[in-house]
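Here is the structure we will look at.
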Amino acid sequence: MRTIILGMLLVFVFKTTIAAPQLKVGDKVPDILFNDLINYKSTKAKLSDFNGKYILIDFWATWCAPCVASFPKLNKFQKDNNEKLQIILVAQDDKHLVTEFFDSRSGLNIPSEVISPNDKNNTITRLFPHTSVPHYIWINKEGYIIGITGAEQASEENLKKFVDGDELSLENKREQFVTPPNYNGLVIDSVEKIYGENRVSFNPLVQFQSVITKYDERVSPGVSRNVIPGQPKMIDIRRFPIPSLYSIAYLGLENYPSFTKIYEFHDSTILEPVGVSMNKRNDWEKSNTYSYRLIMAPDTDSAQFMATMQRDISNHFNYTAAIEKRKIKCYVVRSNGDTSILKSKGGETSYNASVYFIHLSNSSMSDFIFALSKYSNLTKSGNWHMPNIPIIDETGYKGKIDIIFNANLKDPEEIRNELKKHHLQLELQYREINCLVIKDKL
């Protein structure tokens with residue numbers, strides 16, 4: 001079962017250099033060399049190889065959920081506009097993680113350049129410095145930059161105008177590269193600017209370190225990990241609210257966004273600032289966000305690493321957490337007819353979804369439930385104690401499916417009508433499921 005939670009918006013941050021030459025909107029892009037491409041016919045390509053096409057460069061990372069969530073839409077748009085458009089992904093990530101990512105997604109046909117997180121002088125990151133991903137560079141057919149944006153600008157409407165050469169009004173990102181104040185840090189660490197991100201450096205000589213700090217303006221918010229074989233295992237979580245620290249410690253970085261959570265603490269202000277000005281949001285962050293770092297020996301197994309995180313965070317903060325069976329309200333998807341209509345005809349696995357459709361080929365029912373959870377409004381509970389209502393598959397269908405599901409997923413009635421066409425129905429029921437329960441300490 002996979003569910004989606006609408007909680008605090010996390011800013012995914014990673015390294016990028018601000019050394020010259022930095023390009024801006026209106027500049028002509030030089031003939032960039034991509035020399036470590038994955039998911040492409042060759043490992044090298046030049047920007048000039050795509051002359052005559054509109055180009056969208058998408059900086060991403062395997063751990064960035066908003067980045068990955070946009071790929072089905074971008075993949076479909078690339079396929080539908082292959083003669084006019086070339087999307088190029090750029091991952092500042094460990095190569096084996098990027099390779100595994102594409103190996104598990106055979107239907108994703110967009111090439112990705114891979115840049116080592118330790119490469120401080122890569123030409124691409126020097127040309128396009130940024131402090132968060134996803135980060136998009138929009139380049140017209142003549143090779144000039146017409147936009148530098150975040151994910152919200154990469155709508156289907158804007159993408160269509162882009163490839164059609166229509167007038168396009170993009171809201172460009174406002175990057176703030178701040179020089180950190182000269183504070184004294186830990187003896188074994190130092191705060192430095194690495195790829196444009198202010199962070200406490202990782203000292204490979206350290207074999208064990210467990211640190212929790214209050215809000216520190218010297219460092220940028222985000223998450224980093226070190227998973228390189230033979231080096232100390234490390235997770236560095238910077239400027240996150242308390243419930244997110246507990247969630248990562250008990251569920252893991254990959255699982256915590258999509259797991260059902262129940263909050264049984266009294267102080268809702270530790271979750272997120274709702275409906276406040278930017279100035280007040282900054283005040284909230286100073287009072288309610290923390291950083292946590294754990295470094296352990298290279299041979300530490302995952303269970304021991306997670307147990308140490310849980311112990312550290314539970315010992316420091318005034319809350320407890322545990323995975324418990326709870327009877328809660330759920331949306332249940334059931335069959336109301338012959339589900340053989342869903343049986344896949346085989347072929348290539350593909351997953352494409354947005355708020356207006358879910359198109360799956362040779363996929364699983366769990367992929368369909370995941371897309372329905374992600375793009376619909378069904379999961380919003382309106383209750384901060386339990387942020388989401390999970391969607392559960394009770395169709396009993398175990399095989400691969402093909403499904404063309406066209407509906408406005410923000411409209412529950414349209415969802416129900418479209419489900420009926422596929423011999424499926426949606427019911428609101430109570431079910432006992434695993435939840436992460438975070439509560440006040442007694």
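By convention in this document, the chains of the structure tokens carry letters A, B, ... by their order, each chain's residues are numbered from 1, and ligands are numbered from 1 in the order they are shown.
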Quick one: everything within 9 Å of range 375-386 of chain A, counting only C-alpha atoms, minus sequence neighbours fewer than 2 positions away in the same chain. Send it as a short mmCIF file (atom, residue, chain, number, x, y, z; two decimals) with all heavy atoms, in the first residue's frame.
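So out27.cif came out as:
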data_model
loop_
_atom_site.label_atom_id
_atom_site.label_comp_id
_atom_site.auth_asym_id
_atom_site.auth_seq_id
_atom_site.Cartn_x
_atom_site.Cartn_y
_atom_site.Cartn_z
N THR A 3 0.54 5.53 0.12
CA THR A 3 -0.33 6.68 0.30
C THR A 3 0.47 7.94 0.19
O THR A 3 1.70 7.93 0.26
CB THR A 3 -1.04 6.64 1.67
OG1 THR A 3 -0.05 6.61 2.68
CG2 THR A 3 -1.92 5.40 1.80
N ILE A 4 -0.24 9.05 0.04
CA ILE A 4 0.43 10.34 -0.13
C ILE A 4 0.01 11.25 1.01
O ILE A 4 -1.16 11.31 1.37
CB ILE A 4 0.03 10.98 -1.47
CG1 ILE A 4 0.58 10.13 -2.62
CG2 ILE A 4 0.57 12.39 -1.57
CD1 ILE A 4 2.06 10.07 -2.69
N ILE A 5 0.95 11.98 1.58
CA ILE A 5 0.67 12.93 2.65
C ILE A 5 0.94 14.33 2.15
O ILE A 5 1.97 14.57 1.53
CB ILE A 5 1.53 12.63 3.88
CG1 ILE A 5 1.01 11.35 4.54
CG2 ILE A 5 1.50 13.76 4.87
CD1 ILE A 5 1.78 10.96 5.74
N LEU A 6 0.04 15.22 2.42
CA LEU A 6 0.26 16.63 2.13
C LEU A 6 0.63 17.30 3.44
O LEU A 6 -0.22 17.72 4.19
CB LEU A 6 -0.99 17.25 1.51
CG LEU A 6 -1.39 16.63 0.18
CD1 LEU A 6 -2.68 17.26 -0.30
CD2 LEU A 6 -0.31 16.78 -0.84
N GLY A 7 1.89 17.39 3.71
CA GLY A 7 2.36 17.99 4.95
C GLY A 7 3.21 19.19 4.63
O GLY A 7 3.00 19.89 3.65
N THR A 260 1.33 6.62 6.08
CA THR A 260 0.28 7.27 6.85
C THR A 260 0.78 7.59 8.25
O THR A 260 1.32 6.75 8.95
CB THR A 260 -0.94 6.33 6.95
OG1 THR A 260 -1.43 6.07 5.63
CG2 THR A 260 -2.04 6.98 7.77
N LYS A 261 0.56 8.84 8.65
CA LYS A 261 1.03 9.30 9.96
C LYS A 261 -0.16 9.80 10.78
O LYS A 261 -1.11 10.35 10.24
CB LYS A 261 2.05 10.42 9.81
CG LYS A 261 3.26 10.05 8.97
CD LYS A 261 4.18 11.25 8.80
CE LYS A 261 5.32 10.94 7.85
NZ LYS A 261 4.87 10.78 6.46
N ILE A 262 -0.06 9.60 12.09
CA ILE A 262 -1.05 10.12 13.03
C ILE A 262 -0.29 10.92 14.08
O ILE A 262 0.69 10.44 14.66
CB ILE A 262 -1.85 8.99 13.69
CG1 ILE A 262 -2.67 8.24 12.63
CG2 ILE A 262 -2.77 9.54 14.78
CD1 ILE A 262 -3.41 7.04 13.16
N TYR A 263 -0.72 12.15 14.30
CA TYR A 263 -0.05 13.02 15.27
C TYR A 263 -0.94 13.15 16.51
O TYR A 263 -2.06 13.67 16.43
CB TYR A 263 0.20 14.40 14.67
CG TYR A 263 1.04 14.38 13.41
CD1 TYR A 263 0.66 15.10 12.29
CD2 TYR A 263 2.22 13.63 13.35
CE1 TYR A 263 1.43 15.08 11.13
CE2 TYR A 263 2.99 13.61 12.20
CZ TYR A 263 2.59 14.34 11.10
OH TYR A 263 3.35 14.32 9.96
N GLU A 264 -0.43 12.68 17.63
CA GLU A 264 -1.18 12.76 18.88
C GLU A 264 -0.45 13.65 19.89
O GLU A 264 -0.40 13.35 21.07
CB GLU A 264 -1.41 11.35 19.44
CG GLU A 264 -2.33 10.52 18.56
CD GLU A 264 -2.66 9.16 19.13
OE1 GLU A 264 -1.93 8.70 20.04
OE2 GLU A 264 -3.64 8.55 18.65
N PHE A 265 0.12 14.73 19.37
CA PHE A 265 0.69 15.74 20.25
C PHE A 265 -0.23 16.96 20.23
O PHE A 265 -1.05 17.12 19.32
CB PHE A 265 2.12 16.10 19.85
CG PHE A 265 2.35 16.29 18.38
CD1 PHE A 265 1.95 17.46 17.73
CD2 PHE A 265 2.95 15.30 17.61
CE1 PHE A 265 2.16 17.64 16.39
CE2 PHE A 265 3.17 15.48 16.25
CZ PHE A 265 2.77 16.65 15.64
N SER A 268 0.24 21.93 17.58
CA SER A 268 0.25 21.83 16.11
C SER A 268 1.26 22.77 15.47
O SER A 268 1.60 22.62 14.30
CB SER A 268 -1.14 22.11 15.54
OG SER A 268 -1.52 23.45 15.81
N LEU A 271 4.40 21.59 13.44
CA LEU A 271 4.27 20.97 12.13
C LEU A 271 4.70 21.88 11.00
O LEU A 271 5.59 21.57 10.23
CB LEU A 271 2.81 20.54 11.89
CG LEU A 271 2.39 19.19 12.43
CD1 LEU A 271 0.89 19.04 12.32
CD2 LEU A 271 3.10 18.08 11.67
N CYS A 330 -10.48 5.03 5.37
CA CYS A 330 -9.70 4.82 4.14
C CYS A 330 -10.64 4.84 2.94
O CYS A 330 -11.83 4.51 3.04
CB CYS A 330 -8.98 3.46 4.17
SG CYS A 330 -7.93 3.16 5.58
N TYR A 331 -10.09 5.20 1.80
CA TYR A 331 -10.79 4.97 0.53
C TYR A 331 -10.39 3.58 0.03
O TYR A 331 -9.21 3.25 -0.05
CB TYR A 331 -10.42 6.01 -0.51
CG TYR A 331 -11.21 7.29 -0.38
CD1 TYR A 331 -10.63 8.44 0.15
CD2 TYR A 331 -12.55 7.34 -0.77
CE1 TYR A 331 -11.36 9.61 0.27
CE2 TYR A 331 -13.29 8.51 -0.65
CZ TYR A 331 -12.69 9.63 -0.13
OH TYR A 331 -13.41 10.78 0.00
N ALA A 353 1.08 9.91 -15.64
CA ALA A 353 -0.05 10.37 -14.84
C ALA A 353 0.05 11.87 -14.59
O ALA A 353 1.15 12.44 -14.56
CB ALA A 353 -0.10 9.61 -13.51
N SER A 354 -1.09 12.49 -14.41
CA SER A 354 -1.18 13.90 -14.03
C SER A 354 -2.53 14.08 -13.36
O SER A 354 -3.25 13.11 -13.10
CB SER A 354 -1.06 14.80 -15.26
OG SER A 354 -2.26 14.76 -16.02
N VAL A 355 -2.91 15.32 -13.08
CA VAL A 355 -4.22 15.56 -12.46
C VAL A 355 -5.36 15.31 -13.42
O VAL A 355 -6.53 15.31 -13.01
CB VAL A 355 -4.32 17.00 -11.91
CG1 VAL A 355 -3.33 17.21 -10.77
CG2 VAL A 355 -4.11 18.03 -13.01
N TYR A 356 -5.07 15.05 -14.69
CA TYR A 356 -6.12 14.85 -15.69
C TYR A 356 -6.16 13.43 -16.27
O TYR A 356 -7.08 13.11 -17.00
CB TYR A 356 -5.98 15.86 -16.83
CG TYR A 356 -6.11 17.28 -16.36
CD1 TYR A 356 -5.01 18.12 -16.31
CD2 TYR A 356 -7.34 17.79 -15.95
CE1 TYR A 356 -5.13 19.43 -15.86
CE2 TYR A 356 -7.46 19.09 -15.49
CZ TYR A 356 -6.36 19.91 -15.46
OH TYR A 356 -6.47 21.20 -15.01
N PHE A 370 -1.23 4.23 -6.44
CA PHE A 370 -0.24 5.26 -6.12
C PHE A 370 -0.54 6.55 -6.88
O PHE A 370 -0.52 7.65 -6.31
CB PHE A 370 1.15 4.76 -6.45
CG PHE A 370 2.24 5.79 -6.21
CD1 PHE A 370 2.67 6.08 -4.94
CD2 PHE A 370 2.83 6.46 -7.27
CE1 PHE A 370 3.66 7.02 -4.71
CE2 PHE A 370 3.82 7.40 -7.07
CZ PHE A 370 4.23 7.68 -5.78
N ALA A 371 -0.81 6.43 -8.18
CA ALA A 371 -1.11 7.61 -8.99
C ALA A 371 -2.40 8.28 -8.52
O ALA A 371 -2.49 9.52 -8.45
CB ALA A 371 -1.21 7.22 -10.46
N LEU A 372 -3.41 7.49 -8.20
CA LEU A 372 -4.68 8.03 -7.72
C LEU A 372 -4.47 8.78 -6.40
O LEU A 372 -5.04 9.85 -6.17
CB LEU A 372 -5.68 6.90 -7.53
CG LEU A 372 -7.15 7.27 -7.33
CD1 LEU A 372 -7.69 8.07 -8.52
CD2 LEU A 372 -7.98 6.02 -7.10
N SER A 373 -3.62 8.24 -5.53
CA SER A 373 -3.32 8.89 -4.25
C SER A 373 -2.57 10.19 -4.47
O SER A 373 -2.83 11.19 -3.81
CB SER A 373 -2.50 7.96 -3.37
OG SER A 373 -3.17 6.76 -3.09
N ASN A 388 -3.59 12.58 6.15
CA ASN A 388 -4.04 11.99 4.89
C ASN A 388 -5.00 10.82 5.11
O ASN A 388 -4.98 10.16 6.15
CB ASN A 388 -2.85 11.49 4.07
CG ASN A 388 -2.18 10.30 4.72
OD1 ASN A 388 -1.80 10.36 5.88
ND2 ASN A 388 -2.04 9.22 3.99
N ILE A 389 -5.84 10.59 4.11
CA ILE A 389 -6.71 9.41 4.08
C ILE A 389 -6.11 8.46 3.05
O ILE A 389 -6.06 8.78 1.86
CB ILE A 389 -8.14 9.79 3.68
CG1 ILE A 389 -8.71 10.82 4.66
CG2 ILE A 389 -9.02 8.56 3.62
CD1 ILE A 389 -10.07 11.35 4.26
N PRO A 390 -5.63 7.30 3.46
CA PRO A 390 -5.01 6.39 2.50
C PRO A 390 -6.03 5.78 1.53
O PRO A 390 -7.22 5.67 1.84
CB PRO A 390 -4.38 5.31 3.38
CG PRO A 390 -5.13 5.37 4.67
CD PRO A 390 -5.57 6.79 4.84
N ILE A 391 -5.53 5.40 0.36
CA ILE A 391 -6.33 4.67 -0.63
C ILE A 391 -5.81 3.24 -0.69
O ILE A 391 -4.61 3.01 -0.87
CB ILE A 391 -6.26 5.33 -2.01
CG1 ILE A 391 -6.74 6.79 -1.93
CG2 ILE A 391 -7.10 4.56 -3.02
CD1 ILE A 391 -6.62 7.55 -3.24
N ASN A 408 -10.71 14.37 -14.41
CA ASN A 408 -10.14 15.42 -13.56
C ASN A 408 -10.04 14.84 -12.16
O ASN A 408 -11.04 14.64 -11.47
CB ASN A 408 -11.05 16.64 -13.57
CG ASN A 408 -10.54 17.76 -12.67
OD1 ASN A 408 -9.50 17.62 -12.01
ND2 ASN A 408 -11.25 18.87 -12.66
N LEU A 409 -8.81 14.53 -11.73
CA LEU A 409 -8.62 13.84 -10.46
C LEU A 409 -8.87 14.75 -9.25
O LEU A 409 -8.75 14.29 -8.11
CB LEU A 409 -7.22 13.23 -10.40
CG LEU A 409 -6.91 12.20 -11.48
CD1 LEU A 409 -5.55 11.56 -11.25
CD2 LEU A 409 -7.98 11.13 -11.54
N LYS A 410 -9.18 16.02 -9.49
CA LYS A 410 -9.59 16.90 -8.41
C LYS A 410 -11.09 16.84 -8.17
O LYS A 410 -11.61 17.45 -7.24
CB LYS A 410 -9.18 18.35 -8.71
CG LYS A 410 -7.68 18.55 -8.93
CD LYS A 410 -6.86 18.14 -7.72
CE LYS A 410 -5.38 18.41 -7.94
NZ LYS A 410 -4.56 17.94 -6.81
N ASP A 411 -11.79 16.08 -9.02
CA ASP A 411 -13.25 15.97 -8.94
C ASP A 411 -13.62 14.54 -8.56
O ASP A 411 -13.54 13.63 -9.39
CB ASP A 411 -13.87 16.34 -10.28
CG ASP A 411 -15.40 16.39 -10.24
OD1 ASP A 411 -15.98 15.71 -9.37
OD2 ASP A 411 -15.99 17.08 -11.08
N PRO A 412 -14.03 14.28 -7.31
CA PRO A 412 -14.36 12.91 -6.88
C PRO A 412 -15.43 12.24 -7.73
O PRO A 412 -15.37 11.03 -7.96
CB PRO A 412 -14.84 13.11 -5.43
CG PRO A 412 -14.18 14.37 -4.98
CD PRO A 412 -14.14 15.25 -6.21
N ILE A 415 -13.91 10.92 -10.86
CA ILE A 415 -13.12 9.72 -10.53
C ILE A 415 -14.04 8.50 -10.45
O ILE A 415 -13.75 7.45 -11.03
CB ILE A 415 -12.36 9.91 -9.21
CG1 ILE A 415 -11.27 10.97 -9.38
CG2 ILE A 415 -11.75 8.59 -8.73
CD1 ILE A 415 -10.57 11.34 -8.08
#
Those of range 230-343 of chain A in DSSP helix (DSSP H, G or I), formatted as a PyMOL selection string: chain A and resi 242-251+256-258+268-270+278-288+302-316+339-342
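For the choices A:Phe50, A:Thr269, A:Asp119, A:Ile313, the atom-to-atom distance to Ser247 in chain A is smallest for A:Ile313 when using only C-alpha atoms.
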Excluding same-chain residues fewer than 5 positions from Thr300 in chain A, what lies within 9 Å of it counting only C-alpha atoms, as a compact mmCIF listing (two decimals) with all heavy atoms, in the first residue's frame?
# COMPACT_ATOMS: atom_id res chain seq x y z
N PRO A 232 32.46 6.01 5.68
CA PRO A 232 31.48 6.04 6.78
C PRO A 232 30.07 6.33 6.27
O PRO A 232 29.89 7.15 5.37
CB PRO A 232 32.00 7.17 7.68
CG PRO A 232 33.47 7.23 7.40
CD PRO A 232 33.63 6.89 5.95
N LYS A 233 29.08 5.64 6.85
CA LYS A 233 27.70 5.93 6.51
C LYS A 233 27.28 7.24 7.17
O LYS A 233 27.59 7.48 8.33
CB LYS A 233 26.78 4.81 6.97
CG LYS A 233 26.89 3.55 6.14
CD LYS A 233 25.80 2.57 6.51
CE LYS A 233 25.84 1.37 5.57
NZ LYS A 233 24.79 0.37 5.92
N PHE A 305 21.72 1.40 11.95
CA PHE A 305 21.77 2.83 11.64
C PHE A 305 20.43 3.49 11.99
O PHE A 305 20.38 4.54 12.63
CB PHE A 305 22.10 3.01 10.16
CG PHE A 305 22.50 4.41 9.79
CD1 PHE A 305 23.82 4.81 9.89
CD2 PHE A 305 21.57 5.32 9.31
CE1 PHE A 305 24.22 6.10 9.54
CE2 PHE A 305 21.94 6.61 8.96
CZ PHE A 305 23.28 6.99 9.07
Which residues are near Thr149 in chain A? Cut-off 10 Å, only C-alpha atoms, ignore same chain within fewer than 2 positions. Put them as a PyMOL selection string. chain A and resi 58+133-138+146-147+151-154+170-175
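Taking CA of Lys24 in chain A and CA of Pro129 in chain A as the two end points, the separation is 10.0 Å.
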At a cut-off of 12 Å, using only C-alpha atoms, what residues contact range 289-291 of chain A? Leave out same-chain residues fewer than 5 positions from it and give the result as a ChimeraX atom specification. /A:8,10,199-200,210-224,235-246,269-273,281-284,313,316-317
Tell me, counting only C-alpha atoms, for each residue of range 212-296 of chain A within 12 Å of range 97-100 of chain A, which pair of atoms is nearest and how far apart they are in Å to one decimal, in rows ordered by chain and increasing number, as JSON lines.
{"residue": "A:Arg225", "atom": "CA", "partner": "A:Leu97", "partner_atom": "CA", "distance": 11.8}
{"residue": "A:Asn226", "atom": "CA", "partner": "A:Leu97", "partner_atom": "CA", "distance": 11.6}
{"residue": "A:Val227", "atom": "CA", "partner": "A:Leu97", "partner_atom": "CA", "distance": 9.5}
{"residue": "A:Ile228", "atom": "CA", "partner": "A:Leu97", "partner_atom": "CA", "distance": 10.2}
Write out the residues from the selection above, keeping N, CA, C and O atoms, as a PDB file, in the first residue's frame.
ATOM      1  N   ARG A 225      23.239  12.397   2.002  1.00  0.00           N
ATOM      2  CA  ARG A 225      23.653  11.083   2.494  1.00  0.00           C
ATOM      3  C   ARG A 225      25.010  10.723   1.898  1.00  0.00           C
ATOM      4  O   ARG A 225      25.364  11.193   0.821  1.00  0.00           O
ATOM      5  N   ASN A 226      25.738   9.902   2.593  1.00  0.00           N
ATOM      6  CA  ASN A 226      26.942   9.303   2.022  1.00  0.00           C
ATOM      7  C   ASN A 226      26.745   7.799   2.019  1.00  0.00           C
ATOM      8  O   ASN A 226      26.626   7.172   3.075  1.00  0.00           O
ATOM      9  N   VAL A 227      26.654   7.222   0.832  1.00  0.00           N
ATOM     10  CA  VAL A 227      26.431   5.776   0.700  1.00  0.00           C
ATOM     11  C   VAL A 227      27.537   5.126  -0.118  1.00  0.00           C
ATOM     12  O   VAL A 227      27.373   4.031  -0.639  1.00  0.00           O
ATOM     13  N   ILE A 228      28.671   5.800  -0.237  1.00  0.00           N
ATOM     14  CA  ILE A 228      29.782   5.269  -1.017  1.00  0.00           C
ATOM     15  C   ILE A 228      30.404   4.098  -0.262  1.00  0.00           C
ATOM     16  O   ILE A 228      30.779   4.243   0.906  1.00  0.00           O
TER      17      ILE A 228
END
From a backbone DSSP assignment, name each residue in range 120-152 of chain A labelled strand (DSSP E or B), as a PyMOL selection string. chain A and resi 135-139+144-149
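For the pair CA of Pro30 in chain A and CA of Pro111 in chain A, the separation is 19.4 Å.
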If we count only C-alpha atoms and set the cut-off at 8 Å, which residues sit around range 158-167 of chain A, ignoring sequence neighbours fewer than 3 positions away in its own chain? Please answer as a compact mmCIF listing (two decimals) with all heavy atoms, in the first residue's frame.
# COMPACT_ATOMS: atom_id res chain seq x y z
N TYR A 54 13.88 22.78 -29.29
CA TYR A 54 13.79 23.44 -27.99
C TYR A 54 14.39 22.50 -26.96
O TYR A 54 14.20 21.27 -27.04
CB TYR A 54 12.34 23.77 -27.65
CG TYR A 54 11.73 24.81 -28.56
CD1 TYR A 54 11.06 24.44 -29.72
CD2 TYR A 54 11.85 26.15 -28.26
CE1 TYR A 54 10.51 25.38 -30.58
CE2 TYR A 54 11.30 27.12 -29.11
CZ TYR A 54 10.64 26.73 -30.26
OH TYR A 54 10.11 27.68 -31.10
N ASN A 81 6.53 15.00 -28.60
CA ASN A 81 7.13 16.15 -29.30
C ASN A 81 8.60 15.90 -29.63
O ASN A 81 9.42 16.82 -29.59
CB ASN A 81 7.00 17.41 -28.43
CG ASN A 81 5.57 17.80 -28.16
OD1 ASN A 81 4.92 18.49 -28.93
ND2 ASN A 81 5.05 17.35 -27.01
N LYS A 84 10.57 18.16 -32.01
CA LYS A 84 10.75 19.58 -31.69
C LYS A 84 11.46 19.84 -30.36
O LYS A 84 11.91 20.95 -30.11
CB LYS A 84 9.38 20.28 -31.65
CG LYS A 84 8.59 20.23 -32.94
CD LYS A 84 7.38 21.13 -32.89
CE LYS A 84 6.31 20.61 -31.94
NZ LYS A 84 5.08 21.44 -31.95
N LEU A 85 11.54 18.83 -29.52
CA LEU A 85 11.98 19.03 -28.14
C LEU A 85 13.02 18.01 -27.72
O LEU A 85 12.95 16.85 -28.13
CB LEU A 85 10.76 18.91 -27.20
CG LEU A 85 11.03 18.90 -25.69
CD1 LEU A 85 11.46 20.28 -25.21
CD2 LEU A 85 9.78 18.45 -24.93
N ASN A 140 15.66 28.19 -26.15
CA ASN A 140 14.90 28.19 -27.41
C ASN A 140 15.72 27.59 -28.56
O ASN A 140 16.88 27.20 -28.38
CB ASN A 140 14.39 29.59 -27.75
CG ASN A 140 15.51 30.58 -28.05
OD1 ASN A 140 16.66 30.20 -28.30
ND2 ASN A 140 15.19 31.86 -28.02
N GLN A 153 6.57 25.97 -12.84
CA GLN A 153 6.42 26.59 -14.16
C GLN A 153 6.36 25.56 -15.30
O GLN A 153 5.98 25.89 -16.41
CB GLN A 153 7.58 27.56 -14.41
CG GLN A 153 7.60 28.75 -13.47
CD GLN A 153 6.37 29.62 -13.61
OE1 GLN A 153 6.08 30.11 -14.69
NE2 GLN A 153 5.63 29.80 -12.53
N ALA A 154 6.75 24.31 -14.99
CA ALA A 154 6.78 23.28 -16.04
C ALA A 154 5.41 22.62 -16.18
O ALA A 154 5.29 21.39 -16.15
CB ALA A 154 7.85 22.24 -15.72
N SER A 155 4.39 23.44 -16.36
CA SER A 155 3.04 22.93 -16.56
C SER A 155 2.88 22.46 -18.01
O SER A 155 3.66 22.84 -18.89
CB SER A 155 2.02 24.03 -16.26
OG SER A 155 2.16 25.10 -17.17
For a quick check of understanding, using only C-alpha atoms, which of A:Ser366, A:Leu436, A:Phe101, A:Leu342 has the smallest distance to Ala249 in chain A? A:Leu436
Env of Thr123 in chain A: 9 Å cut, atoms = only C-alpha atoms, seq-sep filter 5 positions within chain, self excluded. Answer as a list in words. Pro21, Ile32, Leu33 and Phe128 of chain A
Of the residues A:Ile148, A:Pro387, A:Glu414, A:Leu419, which is the one nearest to Cys435 in chain A, using only C-alpha atoms? A:Pro387
